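Q: Provided herewith: run15.txt, compact mmCIF, C-alpha atoms and all ligand atoms.
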```
# COMPACT_ATOMS: atom_id res chain seq x y z
CA MET A 83 0.00 0.00 0.00
CA LYS A 84 1.19 3.56 -0.70
CA LEU A 85 2.19 5.72 2.26
CA PRO A 86 -0.23 8.46 3.35
CA PRO A 87 0.82 12.04 2.44
CA PHE A 88 3.14 13.90 4.82
CA GLU A 89 5.54 16.83 4.87
CA TYR A 90 9.15 15.54 4.74
CA ARG A 91 11.98 17.29 6.62
CA THR A 92 15.69 16.37 6.65
CA PRO A 93 17.54 18.16 9.48
CA GLU A 94 21.33 17.79 9.72
CA THR A 95 21.86 18.52 13.42
CA VAL A 96 20.25 17.60 16.73
CA GLU A 97 19.48 21.29 17.24
CA GLU A 98 17.53 21.50 13.97
CA THR A 99 15.74 18.23 14.76
CA VAL A 100 14.52 19.34 18.20
CA GLU A 101 13.45 22.70 16.76
CA LEU A 102 11.22 20.80 14.34
CA LEU A 103 9.92 18.54 17.12
CA GLY A 104 9.17 21.65 19.20
CA GLU A 105 7.27 23.16 16.26
CA PHE A 106 5.23 20.10 15.24
CA GLY A 107 5.00 18.05 18.51
CA ASP A 108 2.67 15.06 18.21
CA GLU A 109 2.00 15.87 14.54
CA ALA A 110 5.55 14.72 13.73
CA LYS A 111 7.29 11.33 13.60
CA ILE A 112 11.03 10.71 13.57
CA LEU A 113 12.22 8.45 10.73
CA ALA A 114 15.39 6.50 11.64
CA GLY A 115 15.89 3.05 10.03
CA GLY A 116 12.26 2.95 8.94
CA GLN A 117 11.98 -0.80 9.65
CA SER A 118 9.00 -0.26 11.94
CA LEU A 119 7.73 3.20 10.95
CA ILE A 120 7.42 2.56 7.20
CA PRO A 121 5.22 -0.57 7.66
CA LEU A 122 3.10 1.39 10.17
CA LEU A 123 2.64 4.20 7.60
CA ALA A 124 1.90 1.73 4.82
CA MET A 125 -0.75 0.03 6.96
CA ARG A 126 -2.16 3.48 7.91
CA LEU A 127 -1.57 2.67 11.61
CA SER A 128 0.38 5.94 11.87
CA ARG A 129 -0.55 9.14 9.95
CA PRO A 130 1.89 11.90 10.95
CA ALA A 131 1.55 15.30 9.24
CA VAL A 132 5.35 15.62 9.23
CA VAL A 133 8.10 12.99 8.94
CA ILE A 134 11.48 14.13 10.29
CA ASP A 135 14.19 12.00 8.69
CA ILE A 136 17.26 11.98 10.98
CA ASN A 137 19.50 9.95 8.67
CA ASN A 138 21.67 13.03 7.93
CA VAL A 139 22.22 13.84 11.62
CA ASN A 140 25.74 12.41 11.78
CA GLU A 141 26.35 13.44 15.39
CA LEU A 142 23.87 10.67 16.40
CA ASN A 143 26.10 8.03 14.83
CA THR A 144 28.64 7.47 17.61
CA ILE A 145 29.93 4.76 19.95
CA SER A 146 32.08 5.80 22.91
CA ASN A 147 33.23 4.41 26.23
CA GLY A 148 33.84 6.73 29.17
CA SER A 149 32.12 5.95 32.46
CA GLY A 150 30.08 3.28 30.67
CA LEU A 151 29.18 2.65 27.05
CA SER A 152 27.27 5.30 25.09
CA ILE A 153 25.74 4.45 21.70
CA GLY A 154 24.24 7.20 19.52
CA ALA A 155 20.63 6.75 18.45
CA LEU A 156 21.38 6.51 14.72
CA THR A 157 23.94 3.71 15.11
CA ARG A 158 22.77 0.79 12.97
CA HIS A 159 22.25 -2.57 14.67
CA ARG A 160 24.94 -4.11 12.41
CA THR A 161 27.46 -1.39 13.28
CA ALA A 162 26.94 -1.96 17.01
CA GLU A 163 27.06 -5.73 16.56
CA ARG A 164 30.45 -5.51 14.78
CA SER A 165 31.98 -2.84 17.03
CA ALA A 166 34.96 -4.11 19.04
CA LEU A 167 34.09 -1.59 21.76
CA VAL A 168 30.53 -2.89 22.08
CA GLN A 169 31.72 -6.50 21.94
CA SER A 170 34.10 -5.93 24.89
CA SER A 171 31.89 -3.57 26.95
CA ALA A 172 28.41 -4.99 26.35
CA PRO A 173 28.54 -8.58 25.08
CA MET A 174 24.91 -9.09 26.16
CA LEU A 175 23.84 -6.41 23.68
CA VAL A 176 25.80 -8.09 20.87
CA ALA A 177 24.21 -11.47 21.67
CA ALA A 178 20.73 -9.89 21.71
CA LEU A 179 21.28 -8.02 18.43
CA GLY A 180 21.88 -11.39 16.76
CA TYR A 181 18.19 -12.16 17.39
CA VAL A 182 16.83 -8.91 15.84
CA GLY A 183 15.13 -9.85 12.56
CA HIS A 184 17.66 -10.67 9.85
CA ASP A 185 20.90 -9.11 8.53
CA ALA A 186 19.08 -6.85 6.06
CA ILE A 187 16.86 -5.42 8.80
CA ARG A 188 19.82 -4.90 11.14
CA THR A 189 21.71 -3.09 8.38
CA ARG A 190 19.04 -0.34 8.38
CA GLY A 191 17.50 -0.59 11.87
CA THR A 192 18.94 1.71 14.52
CA ILE A 193 19.63 1.40 18.23
CA GLY A 194 17.53 4.49 19.00
CA GLY A 195 14.67 3.32 16.78
CA SER A 196 14.41 -0.06 18.53
CA VAL A 197 14.41 1.55 21.96
CA ALA A 198 11.99 4.40 21.08
CA HIS A 199 9.61 2.01 19.29
CA ALA A 200 9.35 -0.03 22.53
CA ASP A 201 7.92 -3.24 21.11
CA PRO A 202 7.22 -5.52 24.12
CA ALA A 203 8.89 -8.47 22.37
CA ALA A 204 11.95 -6.51 21.18
CA GLU A 205 15.43 -7.43 22.36
CA LEU A 206 17.04 -4.03 22.97
CA PRO A 207 14.58 -2.67 25.56
CA THR A 208 15.03 -5.94 27.49
CA VAL A 209 18.83 -5.61 27.44
CA LEU A 210 18.68 -1.95 28.50
CA THR A 211 16.44 -2.94 31.43
CA ALA A 212 18.55 -5.94 32.53
CA LEU A 213 21.77 -3.92 32.47
CA GLY A 214 20.27 -0.96 34.35
CA GLY A 215 20.91 1.33 31.37
CA SER A 216 19.42 4.69 30.50
CA VAL A 217 18.55 6.86 27.51
CA SER A 218 19.38 10.49 26.76
CA ALA A 219 16.43 12.57 25.61
CA THR A 220 17.01 16.00 24.08
CA SER A 221 14.54 18.79 23.37
CA ALA A 222 14.83 22.56 22.98
CA ARG A 223 14.44 22.57 26.79
CA GLY A 224 17.70 20.61 27.29
CA THR A 225 18.86 17.02 27.74
CA ARG A 226 17.73 14.60 30.44
CA SER A 227 18.73 11.06 31.32
CA ILE A 228 15.90 8.54 31.80
CA ALA A 229 16.57 5.18 33.52
CA ALA A 230 15.32 2.19 31.53
CA ASP A 231 13.04 1.25 34.45
CA ASP A 232 11.26 4.63 34.01
CA PHE A 233 11.39 4.79 30.21
CA PHE A 234 9.18 1.92 29.03
CA GLU A 235 5.55 2.57 29.94
CA GLY A 236 3.54 -0.05 28.07
CA PHE A 237 2.79 -1.34 24.56
CA LEU A 238 4.80 0.86 22.09
CA SER A 239 4.78 3.56 24.75
CA THR A 240 7.62 5.43 26.49
CA SER A 241 8.11 8.45 28.73
CA LEU A 242 9.67 10.40 25.82
CA ALA A 243 7.77 13.69 25.40
CA ASP A 244 6.45 14.71 21.95
CA ASP A 245 9.20 17.32 21.57
CA GLU A 246 12.04 14.99 22.68
CA LEU A 247 14.54 13.14 20.51
CA LEU A 248 16.20 10.01 21.85
CA THR A 249 19.86 10.86 21.22
CA ALA A 250 21.76 7.94 22.82
CA ILE A 251 21.59 4.94 25.12
CA GLN A 252 24.00 4.41 28.01
CA LEU A 253 25.06 1.12 29.60
CA PRO A 254 26.98 1.12 32.92
CA PRO A 255 30.44 -0.52 33.20
CA ARG A 256 30.43 -4.24 34.02
CA PRO A 257 31.38 -4.93 37.66
CA ASP A 258 34.09 -7.50 38.49
CA ARG A 259 32.82 -11.09 38.91
CA SER A 260 29.69 -10.27 36.91
CA GLY A 261 28.10 -12.39 34.21
CA TRP A 262 25.37 -12.02 31.62
CA SER A 263 23.13 -14.09 29.37
CA PHE A 264 20.50 -13.49 26.72
CA ASN A 265 18.13 -16.20 25.58
CA GLU A 266 14.83 -16.19 23.75
CA PHE A 267 12.39 -18.61 22.22
CA SER A 268 10.70 -17.98 18.88
CA ARG A 269 9.11 -20.42 16.47
CA ARG A 270 11.30 -19.37 13.52
CA SER A 271 14.72 -17.71 13.41
CA GLY A 272 14.31 -13.92 13.05
CA ASP A 273 10.76 -13.83 14.42
CA PHE A 274 9.90 -11.73 17.45
CA ALA A 275 10.31 -13.92 20.54
CA LEU A 276 7.45 -15.53 22.43
CA VAL A 277 9.55 -14.91 25.52
CA GLY A 278 13.05 -13.50 25.92
CA VAL A 279 15.14 -13.33 29.09
CA ALA A 280 18.20 -11.19 29.80
CA VAL A 281 20.15 -11.88 33.00
CA SER A 282 22.86 -9.84 34.66
CA ILE A 283 24.40 -11.30 37.84
CA GLU A 284 27.18 -10.25 40.21
CA LEU A 285 28.84 -12.67 42.64
CA ASP A 286 31.19 -12.17 45.58
CA GLU A 287 34.43 -14.14 46.07
CA SER A 288 32.58 -17.01 47.78
CA GLY A 289 30.02 -17.37 44.97
CA THR A 290 27.16 -15.64 46.78
CA VAL A 291 24.85 -13.49 44.64
CA VAL A 292 25.51 -9.81 45.37
CA ASP A 293 23.10 -8.51 42.77
CA ALA A 294 20.92 -9.88 39.98
CA ARG A 295 18.77 -8.18 37.37
CA ILE A 296 16.43 -10.29 35.24
CA ALA A 297 14.39 -8.70 32.44
CA MET A 298 11.84 -10.54 30.33
CA SER A 299 10.29 -9.67 26.95
CA GLY A 300 7.00 -10.88 25.53
CA VAL A 301 5.33 -11.33 28.92
CA ALA A 302 3.68 -7.89 29.30
CA GLY A 303 3.37 -4.55 27.47
CA GLU A 304 6.92 -3.53 28.36
CA PRO A 305 10.18 -5.19 29.44
CA THR A 306 9.42 -6.78 32.80
CA ARG A 307 11.84 -7.17 35.72
CA ALA A 308 11.51 -10.46 37.62
CA ILE A 309 11.66 -8.65 40.95
CA GLU A 310 10.66 -11.63 43.13
CA ALA A 311 13.26 -13.82 41.43
CA GLU A 312 15.96 -11.17 41.87
CA THR A 313 15.10 -10.85 45.57
CA ALA A 314 15.21 -14.64 46.01
CA LEU A 315 18.74 -14.70 44.58
CA ARG A 316 20.37 -11.82 46.48
CA GLY A 317 22.45 -13.02 49.45
CA ASN A 318 22.13 -16.70 48.51
CA PRO A 319 24.77 -19.02 47.02
CA ALA A 320 24.60 -19.12 43.23
CA GLY A 321 23.68 -22.68 42.26
CA PRO A 322 20.96 -25.11 41.18
CA GLU A 323 18.84 -24.63 44.31
CA SER A 324 18.63 -20.82 44.25
CA PHE A 325 18.29 -20.82 40.44
CA ALA A 326 15.33 -23.23 40.59
CA THR A 327 13.67 -21.06 43.26
CA ALA A 328 14.27 -17.91 41.17
CA ALA A 329 12.94 -19.55 37.99
CA ALA A 330 9.75 -20.60 39.77
CA ALA A 331 9.38 -17.09 41.23
CA ALA A 332 9.83 -15.48 37.78
CA ALA A 333 7.17 -17.73 36.24
CA ALA A 334 4.79 -17.07 39.14
CA GLU A 335 5.09 -13.28 39.12
CA ILE A 336 4.01 -12.75 35.48
CA ASN A 337 0.64 -13.04 33.78
CA PRO A 338 1.32 -12.91 30.03
CA SER A 339 -1.56 -12.56 27.59
CA ALA A 340 -2.46 -15.56 25.47
CA ASP A 341 -2.43 -15.22 21.69
CA LEU A 342 -2.31 -17.56 18.69
CA HIS A 343 1.41 -18.18 19.36
CA GLY A 344 1.04 -19.43 22.92
CA THR A 345 -1.17 -19.65 25.98
CA THR A 346 -0.55 -17.82 29.24
CA ALA A 347 0.58 -21.07 30.88
CA TYR A 348 2.99 -21.83 28.02
CA ARG A 349 4.63 -18.39 28.20
CA LYS A 350 4.97 -18.68 31.99
CA HIS A 351 6.57 -22.10 31.52
CA LEU A 352 8.97 -20.68 28.90
CA ALA A 353 9.91 -17.79 31.20
CA GLY A 354 10.83 -20.21 34.00
CA ILE A 355 12.93 -22.38 31.68
CA LEU A 356 14.76 -19.39 30.17
CA VAL A 357 15.42 -17.79 33.57
CA ARG A 358 17.00 -20.98 34.91
CA LYS A 359 19.07 -21.46 31.73
CA GLY A 360 20.07 -17.78 31.74
CA LEU A 361 21.13 -17.85 35.39
CA ASN A 362 23.36 -20.88 34.78
CA GLU A 363 25.04 -19.19 31.80
CA ALA A 364 25.45 -15.84 33.55
CA CYS A 365 26.90 -17.53 36.64
CA ASP A 366 29.41 -19.48 34.52
CA ARG A 367 30.53 -16.23 32.91
CA ALA A 368 30.83 -14.53 36.31
CA LYS A 369 33.06 -17.41 37.46
CA GLY A 370 35.04 -17.33 34.21
CA THR A 371 34.16 -20.93 33.35
CA ARG A 372 32.25 -20.09 30.15
C1 LIG A 401 10.73 -8.37 9.07
C2 LIG A 401 11.12 -7.62 10.31
C3 LIG A 401 11.52 -8.33 11.43
C4 LIG A 401 11.88 -7.66 12.60
N1 LIG A 401 12.25 -8.39 13.68
C5 LIG A 401 12.60 -7.75 14.81
C6 LIG A 401 13.00 -8.48 15.96
O1 LIG A 401 13.07 -9.71 15.96
N2 LIG A 401 13.32 -7.78 17.08
C7 LIG A 401 13.25 -6.40 17.11
O2 LIG A 401 13.56 -5.80 18.15
N3 LIG A 401 12.89 -5.69 16.04
C8 LIG A 401 12.56 -6.32 14.89
N4 LIG A 401 12.18 -5.60 13.81
C9 LIG A 401 12.10 -4.13 13.93
C10 LIG A 401 13.47 -3.52 13.70
O3 LIG A 401 14.36 -3.86 14.71
C11 LIG A 401 13.37 -1.99 13.68
O4 LIG A 401 14.59 -1.57 13.14
C12 LIG A 401 13.17 -1.27 14.98
O5 LIG A 401 12.03 -1.70 15.67
C13 LIG A 401 12.98 0.23 14.75
O6 LIG A 401 14.19 0.79 14.44
P1 LIG A 401 14.28 1.76 13.20
O7 LIG A 401 15.59 2.45 13.30
O8 LIG A 401 13.97 1.03 11.96
O9 LIG A 401 13.15 2.85 13.57
P2 LIG A 401 11.98 3.48 12.70
O10 LIG A 401 11.16 2.42 12.05
O11 LIG A 401 12.53 4.55 11.84
O12 LIG A 401 11.14 4.16 13.89
C14 LIG A 401 10.40 3.37 14.80
C15 LIG A 401 9.70 4.31 15.82
O13 LIG A 401 10.65 4.93 16.68
C16 LIG A 401 10.62 6.35 16.54
N5 LIG A 401 12.01 6.80 16.57
C17 LIG A 401 13.04 6.29 15.84
N6 LIG A 401 14.19 6.86 16.21
C18 LIG A 401 13.89 7.76 17.19
C19 LIG A 401 14.66 8.66 17.96
N7 LIG A 401 15.99 8.74 17.83
N8 LIG A 401 14.04 9.44 18.88
C20 LIG A 401 12.69 9.35 19.04
N9 LIG A 401 11.89 8.51 18.33
C21 LIG A 401 12.49 7.73 17.42
C22 LIG A 401 9.92 6.62 15.21
O14 LIG A 401 9.29 7.86 15.17
C23 LIG A 401 8.94 5.46 15.14
O15 LIG A 401 7.81 5.75 15.93
C24 LIG A 401 11.83 -6.24 12.63
C25 LIG A 401 11.46 -5.51 11.49
C26 LIG A 401 11.10 -6.19 10.34
C27 LIG A 401 10.70 -5.39 9.13
```
As a first step, turn the structure in this file into structure tokens.
A:
Amino acid sequence: MKLPPFEYRTPETVEETVELLGEFGDEAKILAGGQSLIPLLAMRLSRPAVVIDINNVNELNTISNGSGLSIGALTRHRTAERSALVQSSAPMLVAALGYVGHDAIRTRGTIGGSVAHADPAAELPTVLTALGGSVSATSARGTRSIAADDFFEGFLSTSLADDELLTAIQLPPRPDRSGWSFNEFSRRSGDFALVGVAVSIELDESGTVVDARIAMSGVAGEPTRAIEAETALRGNPAGPESFATAAAAAAAEINPSADLHGTTAYRKHLAGILVRKGLNEACDRAKGTR
């Protein structure tokens, strides 16, 4: 189907972009990789009066590591996936990117687009939540940092204001003796997951869990922390017993909707399996045995 009519703007700086967002507000849509927006336009599920194409805003195409990793919003999935800096600083993100659609989609799709789009089954919002990351949002009023836990608000919905541009994501440095894992289950390779689970765990010298963050996709309208499971792990020895308890807690604390891909009970079952598997993998990495 043809796209609906819209005014097309091509700013070259963040300043010009936020000026346009300030002028047009909720009448405008940012166009990044277009992998989600163009189908939405074609299906008439989105009808913005103005499309602001940010593909010429080169200052959004950056990867840097200072006190944590910062990835500019316009960085393509493939660029991040192949970056040595991202591979060493955020291997969980690289693993998760491997599940995003297919190579062609990742060649166009952007880090900022995936996070701003906030699909409940998407990989990047889940990673950002599990790693305790944040996003930078810029408007003519200035720039603010929003923690992942406060950013995702429900199905395709975030706390980004109409005049704000997502300019970058930030991931904190990895603590010593920490480990990560990312696993998901989908019926076909490249499909959105029925359930995905990202685990970040930190152990002390004796193998006791100091901290754990578990984020799940596909089980609610936004990435969902397994808070009960995390609490069950903290202060306990990392091992089969505490992992089984945490997996059961994670499955019990969610109530995913049923659809033609799976029932509520099936998704809860999958979440428990993936949490236990993810904890084992993350623990092995924290101990340096994987
Ligand atoms: C066949 C297919 C399979 C896919 N499979 C997956 C998958 O398995 N997992 C997955 O996560 N995704 C998947 N996707 C979606 C893909 O990852 C998209 O690239 C991503 O969701 C959106 O990124 P984009 O850069 O293309 O954004 P766009 O499509 O350009 O924009 C998406 C939305 O985000 C907004 N936006 C974009 N950038 C910004 C910004 N910087 N600031 C504020 N708002 C912004 C836009 O206005 C729009 O509302 C798939 C897509 C296709 C076509």
Q: Considering only C-alpha atoms, return as a short mmCIF file (atom, residue, chain, number, x, y, z; two decimals) with C-alpha atoms, keeping the file's coordinate frame whatever protein or nucleic-acid residues lie within 9 Å of Glu335 (chain A), sequence-local ones (same chain, fewer than 4 positions apart) excluded.
A:
```
data_model
loop_
_atom_site.label_atom_id
_atom_site.label_comp_id
_atom_site.auth_asym_id
_atom_site.auth_seq_id
_atom_site.Cartn_x
_atom_site.Cartn_y
_atom_site.Cartn_z
CA ALA A 308 11.51 -10.46 37.62
CA ILE A 309 11.66 -8.65 40.95
CA GLU A 310 10.66 -11.63 43.13
CA ALA A 311 13.26 -13.82 41.43
CA ALA A 330 9.75 -20.60 39.77
CA ALA A 331 9.38 -17.09 41.23
CA LYS A 350 4.97 -18.68 31.99
#
```
Q: Just want the residues within 7 Å of ligand LIG 401 (chain A), written as a PyMOL selection string, counting all atoms listed in the file.
A: chain A and resi 111-120+155-156+181-184+187-188+190-196+198-199+201+203-206+246-249+272-275
Q: Please produce, as JSON lines, a per-residue contact table for region 257-346 of chain A versus region 218-234 of chain A (criterion: any atom at most 10 Å away, all atoms listed in the file considered), showing the nearest atom pair and its distance in Å to one decimal, sorted by chain then residue number.
A:
```
{"residue": "A:Gly303", "atom": "CA", "partner": "A:Phe234", "partner_atom": "CA", "distance": 8.8}
{"residue": "A:Glu304", "atom": "CA", "partner": "A:Phe234", "partner_atom": "CA", "distance": 5.9}
{"residue": "A:Pro305", "atom": "CA", "partner": "A:Phe234", "partner_atom": "CA", "distance": 7.2}
{"residue": "A:Thr306", "atom": "CA", "partner": "A:Asp231", "partner_atom": "CA", "distance": 9.0}
{"residue": "A:Arg307", "atom": "CA", "partner": "A:Asp231", "partner_atom": "CA", "distance": 8.6}
```
Q: Keeping only C-alpha atoms, write the selected residues to a file as a PDB file, in the coordinates of the input.
A:
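Result written to result_15.pdb:
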```
ATOM      1  CA  GLY A 303       3.370  -4.550  27.470  1.00  0.00           C
ATOM      2  CA  GLU A 304       6.920  -3.530  28.360  1.00  0.00           C
ATOM      3  CA  PRO A 305      10.180  -5.190  29.440  1.00  0.00           C
ATOM      4  CA  THR A 306       9.420  -6.780  32.800  1.00  0.00           C
ATOM      5  CA  ARG A 307      11.840  -7.170  35.720  1.00  0.00           C
TER       6      ARG A 307
END
```
Q: Of the residues A:Val357, A:Ala368, A:Leu167, A:Ala340, which is the one nearest to Asp293 (chain A), using only C-alpha atoms?
A: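 Among the listed residues, A:Ala368 lies closest to Asp293 (chain A).
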Q: Would you list the residues near (18.2, -10.5, 36.5) (no more than 9 Å away, in the coordinates of the file, using only C-alpha atoms) as a ChimeraX atom specification?
A: /A:212-213,262,279-283,293-298,307-309,311-312,357,360-361
Q: Could you pull the residues within 9 Å of region 136-150 of chain A, counting all atoms listed in the file, minus those fewer than 4 positions along the same chain, as a compact mmCIF listing (two decimals) with C-alpha atoms, in the frame of the given file?
A:
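selection_11.txt was written with the following content:
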```txt
# COMPACT_ATOMS: atom_id res chain seq x y z
CA ARG A 91 11.98 17.29 6.62
CA THR A 92 15.69 16.37 6.65
CA PRO A 93 17.54 18.16 9.48
CA GLU A 94 21.33 17.79 9.72
CA THR A 95 21.86 18.52 13.42
CA VAL A 96 20.25 17.60 16.73
CA THR A 99 15.74 18.23 14.76
CA ILE A 112 11.03 10.71 13.57
CA LEU A 113 12.22 8.45 10.73
CA ALA A 114 15.39 6.50 11.64
CA GLY A 115 15.89 3.05 10.03
CA GLY A 154 24.24 7.20 19.52
CA ALA A 155 20.63 6.75 18.45
CA LEU A 156 21.38 6.51 14.72
CA THR A 157 23.94 3.71 15.11
CA ARG A 158 22.77 0.79 12.97
CA ALA A 162 26.94 -1.96 17.01
CA SER A 165 31.98 -2.84 17.03
CA LEU A 167 34.09 -1.59 21.76
CA VAL A 168 30.53 -2.89 22.08
CA SER A 171 31.89 -3.57 26.95
CA THR A 249 19.86 10.86 21.22
CA ALA A 250 21.76 7.94 22.82
CA GLN A 252 24.00 4.41 28.01
CA LEU A 253 25.06 1.12 29.60
CA PRO A 254 26.98 1.12 32.92
CA PRO A 255 30.44 -0.52 33.20
CA ARG A 256 30.43 -4.24 34.02
```
Q: By how many Å are CA of Asp341 (chain A) and CA of Val301 (chain A) apart?
A: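 So the answer is 11.3 Å.
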Q: So, counting all atoms listed in the file, which residue among A:Thr161, A:Val277, A:Ser170, A:Arg126 is closest to Pro86 (chain A)?
A: A:Arg126
Q: Record the distance separating CA of Phe237 (chain A) and CA of Gly214 (chain A), expressed in Å with one decimal.
A: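 Going from CA of Phe237 (chain A) over to CA of Gly214 (chain A) covers 20.0 Å.
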Q: Using all atoms listed in the file, which of A:Ser239, A:Thr211, A:Ser128, A:Ser263 sits nearest Met174 (chain A)?
A: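 Closest candidate: A:Ser263.
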Q: Using all atoms listed in the file, can you tell me which of A:Leu342, A:Leu242, A:Leu315, A:Leu175 comes closest to Asn265 (chain A)?
A: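 Comparing A:Leu342, A:Leu242, A:Leu315, A:Leu175 against Asn265 (chain A), the winner is A:Leu175.
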Q: If we draw a sphere of 12 Å around (18.9, -16.7, 48.2), which residues have at least one atom in it when counting all atoms listed in the file? Please report them as a ChimeraX atom specification.
A: /A:289-294,310-328,331
Q: How would the residues just picked look written out with C-alpha atoms as a CSV table (one decimal), keeping the file's coordinate frame?
A:
```csv
chain,number,residue,atom,x,y,z
A,289,GLY,CA,30.0,-17.4,45.0
A,290,THR,CA,27.2,-15.6,46.8
A,291,VAL,CA,24.8,-13.5,44.6
A,292,VAL,CA,25.5,-9.8,45.4
A,293,ASP,CA,23.1,-8.5,42.8
A,294,ALA,CA,20.9,-9.9,40.0
A,310,GLU,CA,10.7,-11.6,43.1
A,311,ALA,CA,13.3,-13.8,41.4
A,312,GLU,CA,16.0,-11.2,41.9
A,313,THR,CA,15.1,-10.8,45.6
A,314,ALA,CA,15.2,-14.6,46.0
A,315,LEU,CA,18.7,-14.7,44.6
A,316,ARG,CA,20.4,-11.8,46.5
A,317,GLY,CA,22.4,-13.0,49.4
A,318,ASN,CA,22.1,-16.7,48.5
A,319,PRO,CA,24.8,-19.0,47.0
A,320,ALA,CA,24.6,-19.1,43.2
A,321,GLY,CA,23.7,-22.7,42.3
A,322,PRO,CA,21.0,-25.1,41.2
A,323,GLU,CA,18.8,-24.6,44.3
A,324,SER,CA,18.6,-20.8,44.2
A,325,PHE,CA,18.3,-20.8,40.4
A,326,ALA,CA,15.3,-23.2,40.6
A,327,THR,CA,13.7,-21.1,43.3
A,328,ALA,CA,14.3,-17.9,41.2
A,331,ALA,CA,9.4,-17.1,41.2
```
Q: Tell me which protein, DNA and RNA residues are within 12 Å of Thr371 (chain A), counting all atoms listed in the file, leaving out same-chain ones fewer than 5 positions away, and put them as a ChimeraX atom specification.
A: /A:259,261,362-366
Q: Taking all atoms listed in the file into account, which of A:Leu276, A:Ala172, A:Leu151, A:Ala166 comes nearest Ser216 (chain A)?
A: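 Closest to Ser216 (chain A), using all atoms listed in the file: A:Leu151.
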Q: Need the axis-aligned box for region 331-344 of chain A with 6 Å each side, so what are the centre and edges in Å to one decimal, as AutoDock Vina command-line options?
A:
```
--center_x 3.7 --center_y -16.0 --center_z 30.0 --size_x 24.3 --size_y 18.9 --size_z 34.5
```
Q: With only C-alpha atoms as the atoms that count, which of A:Pro257, A:Gly300, A:Gly215, A:Pro338 lies nearest to Asp286 (chain A)?
A: A:Pro257
Q: At what distance in Å, to one decimal, does CA of Ser299 (chain A) lie from CA of Leu356 (chain A)?
A: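 Separation of CA of Leu356 (chain A) and CA of Ser299 (chain A): 11.2 Å.
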Q: Rebuild region 97-110 of chain A to N, CA and C atoms - output it as a PDB file, keeping the file's coordinate frame, please.
A:
```
ATOM      1  N   GLU A  97      20.154  20.007  16.965  1.00  0.00           N
ATOM      2  CA  GLU A  97      19.480  21.290  17.240  1.00  0.00           C
ATOM      3  C   GLU A  97      18.327  21.530  16.258  1.00  0.00           C
ATOM      4  N   GLU A  98      18.603  21.311  14.969  1.00  0.00           N
ATOM      5  CA  GLU A  98      17.530  21.500  13.970  1.00  0.00           C
ATOM      6  C   GLU A  98      16.400  20.500  14.205  1.00  0.00           C
ATOM      7  N   THR A  99      16.766  19.275  14.576  1.00  0.00           N
ATOM      8  CA  THR A  99      15.740  18.230  14.760  1.00  0.00           C
ATOM      9  C   THR A  99      14.802  18.604  15.918  1.00  0.00           C
ATOM     10  N   VAL A 100      15.395  19.040  17.044  1.00  0.00           N
ATOM     11  CA  VAL A 100      14.520  19.340  18.200  1.00  0.00           C
ATOM     12  C   VAL A 100      13.718  20.611  17.973  1.00  0.00           C
ATOM     13  N   GLU A 101      14.252  21.512  17.132  1.00  0.00           N
ATOM     14  CA  GLU A 101      13.450  22.700  16.760  1.00  0.00           C
ATOM     15  C   GLU A 101      12.191  22.253  16.032  1.00  0.00           C
ATOM     16  N   LEU A 102      12.371  21.307  15.099  1.00  0.00           N
ATOM     17  CA  LEU A 102      11.220  20.800  14.340  1.00  0.00           C
ATOM     18  C   LEU A 102      10.244  20.063  15.257  1.00  0.00           C
ATOM     19  N   LEU A 103      10.799  19.259  16.184  1.00  0.00           N
ATOM     20  CA  LEU A 103       9.920  18.540  17.120  1.00  0.00           C
ATOM     21  C   LEU A 103       9.151  19.533  17.991  1.00  0.00           C
ATOM     22  N   GLY A 104       9.830  20.615  18.392  1.00  0.00           N
ATOM     23  CA  GLY A 104       9.170  21.650  19.200  1.00  0.00           C
ATOM     24  C   GLY A 104       8.049  22.305  18.409  1.00  0.00           C
ATOM     25  N   GLU A 105       8.272  22.481  17.099  1.00  0.00           N
ATOM     26  CA  GLU A 105       7.270  23.160  16.260  1.00  0.00           C
ATOM     27  C   GLU A 105       6.062  22.246  15.993  1.00  0.00           C
ATOM     28  N   PHE A 106       6.334  20.966  15.693  1.00  0.00           N
ATOM     29  CA  PHE A 106       5.230  20.100  15.240  1.00  0.00           C
ATOM     30  C   PHE A 106       4.697  19.135  16.305  1.00  0.00           C
ATOM     31  N   GLY A 107       5.473  18.900  17.396  1.00  0.00           N
ATOM     32  CA  GLY A 107       5.000  18.050  18.510  1.00  0.00           C
ATOM     33  C   GLY A 107       4.432  16.722  18.048  1.00  0.00           C
ATOM     34  N   ASP A 108       3.217  16.389  18.509  1.00  0.00           N
ATOM     35  CA  ASP A 108       2.670  15.060  18.210  1.00  0.00           C
ATOM     36  C   ASP A 108       2.178  14.906  16.762  1.00  0.00           C
ATOM     37  N   GLU A 109       2.309  15.971  15.974  1.00  0.00           N
ATOM     38  CA  GLU A 109       2.000  15.870  14.540  1.00  0.00           C
ATOM     39  C   GLU A 109       3.159  15.255  13.763  1.00  0.00           C
ATOM     40  N   ALA A 110       4.339  15.159  14.428  1.00  0.00           N
ATOM     41  CA  ALA A 110       5.550  14.720  13.730  1.00  0.00           C
ATOM     42  C   ALA A 110       5.975  13.324  14.168  1.00  0.00           C
TER      43      ALA A 110
END
```
